[in-house]
Amino acid sequence: MKLDSTEARSRFAVARLATANADGTPHIVPVTFTLSDDRIFFAIDYKPKTTWNLCRLRDIHENPKVAPLVDDFDSDWTELWWIRADGHAEIQEDGAVARAPEHRRAAQR
C-alpha cells in the first residue's frame, strides 16, 4: 500500500537516522524529532550519553546526506510499512535555534 503524504506524516514517530562519513562508512541510530512543514528537526538534548562527540554529528559535518527511516513491523506482512525521507542535514549550534519551538518539541520527545 502506498501512503499519501498526510498519512505518512502522521506515522512519523521515532526514527532511525542513517548517516555516512566522508569515506561512506554508514551509521544508524534511533532519534526523536519533530516535523515542521517539509523539515525534520532532531534535537541533541541532555539525556544521558556516553559522549557528546556523537558519530551522527561528525558524519553530518563530513557528509550532510542523511536518511531518517520510520517503520512498523508486524507478523502480518500485509500490515508492514516504512517511510524514508532522504535529505541533507544541517547542524544549528546557535543559542536562538535551541530556543526555537521545533527544537523544544524535538527535545521533549
# chains A, B, ... in the order shown; residues from 1 in each chain; ligands from 1
call {"tool": "residues_around", "arguments": {"residues": "range 68-75 of chain A", "least_positions_apart": "2", "cutoff": "8 Å", "atoms": "only C-alpha atoms", "output": "JSON list (two decimals) with N, CA and C atoms, in the first residue's frame"}}
result
[["chain", "number", "residue", "atom", "x", "y", "z"],
["A", 11, "ARG", "N", 2.43, 9.05, 10.65],
["A", 11, "ARG", "CA", 3.10, 7.86, 11.17],
["A", 11, "ARG", "C", 4.54, 8.12, 11.60],
["A", 12, "PHE", "N", 5.06, 9.29, 11.30],
["A", 12, "PHE", "CA", 6.43, 9.61, 11.69],
["A", 12, "PHE", "C", 6.46, 9.79, 13.21],
["A", 13, "ALA", "N", 7.12, 8.90, 13.92],
["A", 13, "ALA", "CA", 7.22, 8.96, 15.38],
["A", 13, "ALA", "C", 8.68, 8.88, 15.78],
["A", 14, "VAL", "N", 9.17, 7.70, 16.17],
["A", 14, "VAL", "CA", 10.59, 7.53, 16.45],
["A", 14, "VAL", "C", 11.24, 7.03, 15.18],
["A", 15, "ALA", "N", 12.35, 7.64, 14.83],
["A", 15, "ALA", "CA", 13.03, 7.29, 13.58],
["A", 15, "ALA", "C", 14.40, 6.71, 13.86],
["A", 16, "ARG", "N", 14.94, 6.09, 12.85],
["A", 16, "ARG", "CA", 16.34, 5.73, 12.84],
["A", 16, "ARG", "C", 16.97, 6.69, 11.84],
["A", 17, "LEU", "N", 18.07, 7.31, 12.24],
["A", 17, "LEU", "CA", 18.75, 8.26, 11.38],
["A", 17, "LEU", "C", 19.99, 7.61, 10.81],
["A", 18, "ALA", "N", 20.03, 7.48, 9.49],
["A", 18, "ALA", "CA", 21.20, 6.92, 8.82],
["A", 18, "ALA", "C", 22.07, 8.06, 8.31],
["A", 66, "VAL", "N", 21.59, 12.50, 4.64],
["A", 66, "VAL", "CA", 21.01, 11.68, 5.71],
["A", 66, "VAL", "C", 19.75, 10.99, 5.19],
["A", 77, "TRP", "N", 2.31, -9.63, 7.44],
["A", 77, "TRP", "CA", 3.07, -8.86, 6.47],
["A", 77, "TRP", "C", 2.22, -7.87, 5.68],
["A", 79, "GLU", "N", 0.43, -5.77, 7.04],
["A", 79, "GLU", "CA", 0.38, -4.59, 7.90],
["A", 79, "GLU", "C", 1.72, -3.87, 8.00],
["A", 80, "LEU", "N", 2.78, -4.41, 7.39],
["A", 80, "LEU", "CA", 4.10, -3.78, 7.43],
["A", 80, "LEU", "C", 4.10, -2.47, 6.66],
["A", 81, "TRP", "N", 4.86, -1.50, 7.16],
["A", 81, "TRP", "CA", 5.03, -0.26, 6.42],
["A", 81, "TRP", "C", 6.34, 0.40, 6.83],
["A", 82, "TRP", "N", 6.87, 1.25, 5.96],
["A", 82, "TRP", "CA", 8.06, 2.04, 6.26],
["A", 82, "TRP", "C", 8.02, 3.33, 5.46],
["A", 83, "ILE", "N", 8.67, 4.34, 6.02],
["A", 83, "ILE", "CA", 8.75, 5.65, 5.38],
["A", 83, "ILE", "C", 10.18, 6.13, 5.52],
["A", 84, "ARG", "N", 10.79, 6.50, 4.42],
["A", 84, "ARG", "CA", 12.15, 7.05, 4.44],
["A", 84, "ARG", "C", 12.12, 8.42, 3.80],
["A", 85, "ALA", "N", 12.86, 9.35, 4.39],
["A", 85, "ALA", "CA", 12.96, 10.70, 3.84],
["A", 85, "ALA", "C", 14.43, 11.01, 3.60],
["A", 86, "ASP", "N", 14.89, 10.94, 2.35],
["A", 86, "ASP", "CA", 16.27, 11.26, 2.03],
["A", 86, "ASP", "C", 16.43, 12.78, 1.99]]
call {"tool": "residues_around", "arguments": {"residues": "Cys55 in chain A", "least_positions_apart": "2", "cutoff": "9 Å", "atoms": "only C-alpha atoms", "output": "MDAnalysis selection string"}}
result
chainID A and resid 19 21 27 53 57:60
call {"tool": "write_last_selection", "arguments": {"atoms": "N, CA and C atoms", "output": "mmCIF file, in the first residue's frame"}}
result
data_model
loop_
_atom_site.group_PDB
_atom_site.id
_atom_site.type_symbol
_atom_site.label_atom_id
_atom_site.label_comp_id
_atom_site.auth_asym_id
_atom_site.auth_seq_id
_atom_site.Cartn_x
_atom_site.Cartn_y
_atom_site.Cartn_z
ATOM 1 N N THR A 19 23.339 7.997 8.673
ATOM 2 C CA THR A 19 24.330 8.953 8.195
ATOM 3 C C THR A 19 25.503 8.152 7.635
ATOM 4 N N ASN A 21 29.946 8.825 6.917
ATOM 5 C CA ASN A 21 31.051 9.783 6.981
ATOM 6 C C ASN A 21 31.593 10.047 5.576
ATOM 7 N N HIS A 27 26.297 4.731 9.463
ATOM 8 C CA HIS A 27 25.998 4.750 10.896
ATOM 9 C C HIS A 27 24.497 4.970 11.008
ATOM 10 N N ASN A 53 30.672 13.662 21.774
ATOM 11 C CA ASN A 53 31.330 13.580 20.476
ATOM 12 C C ASN A 53 30.567 12.537 19.647
ATOM 13 N N LEU A 57 26.829 13.508 14.474
ATOM 14 C CA LEU A 57 27.207 14.903 14.238
ATOM 15 C C LEU A 57 28.499 14.996 13.441
ATOM 16 N N ARG A 58 29.462 14.146 13.750
ATOM 17 C CA ARG A 58 30.704 14.118 12.953
ATOM 18 C C ARG A 58 30.388 13.775 11.504
ATOM 19 N N ASP A 59 29.517 12.772 11.308
ATOM 20 C CA ASP A 59 29.148 12.380 9.948
ATOM 21 C C ASP A 59 28.498 13.534 9.196
ATOM 22 N N ILE A 60 27.571 14.224 9.839
ATOM 23 C CA ILE A 60 26.865 15.326 9.177
ATOM 24 C C ILE A 60 27.830 16.444 8.814
#
call {"tool": "atom_distance", "arguments": {"atom1": "CA of Arg39 in chain A", "atom2": "CA of Asp4 in chain A"}}
result
17.0 Å
call {"tool": "closest_residue", "arguments": {"among": "A:Glu90, A:Glu7, A:Asp76, A:Asp37", "to": "His61 in chain A", "atoms": "only C-alpha atoms"}}
result
A:Glu90
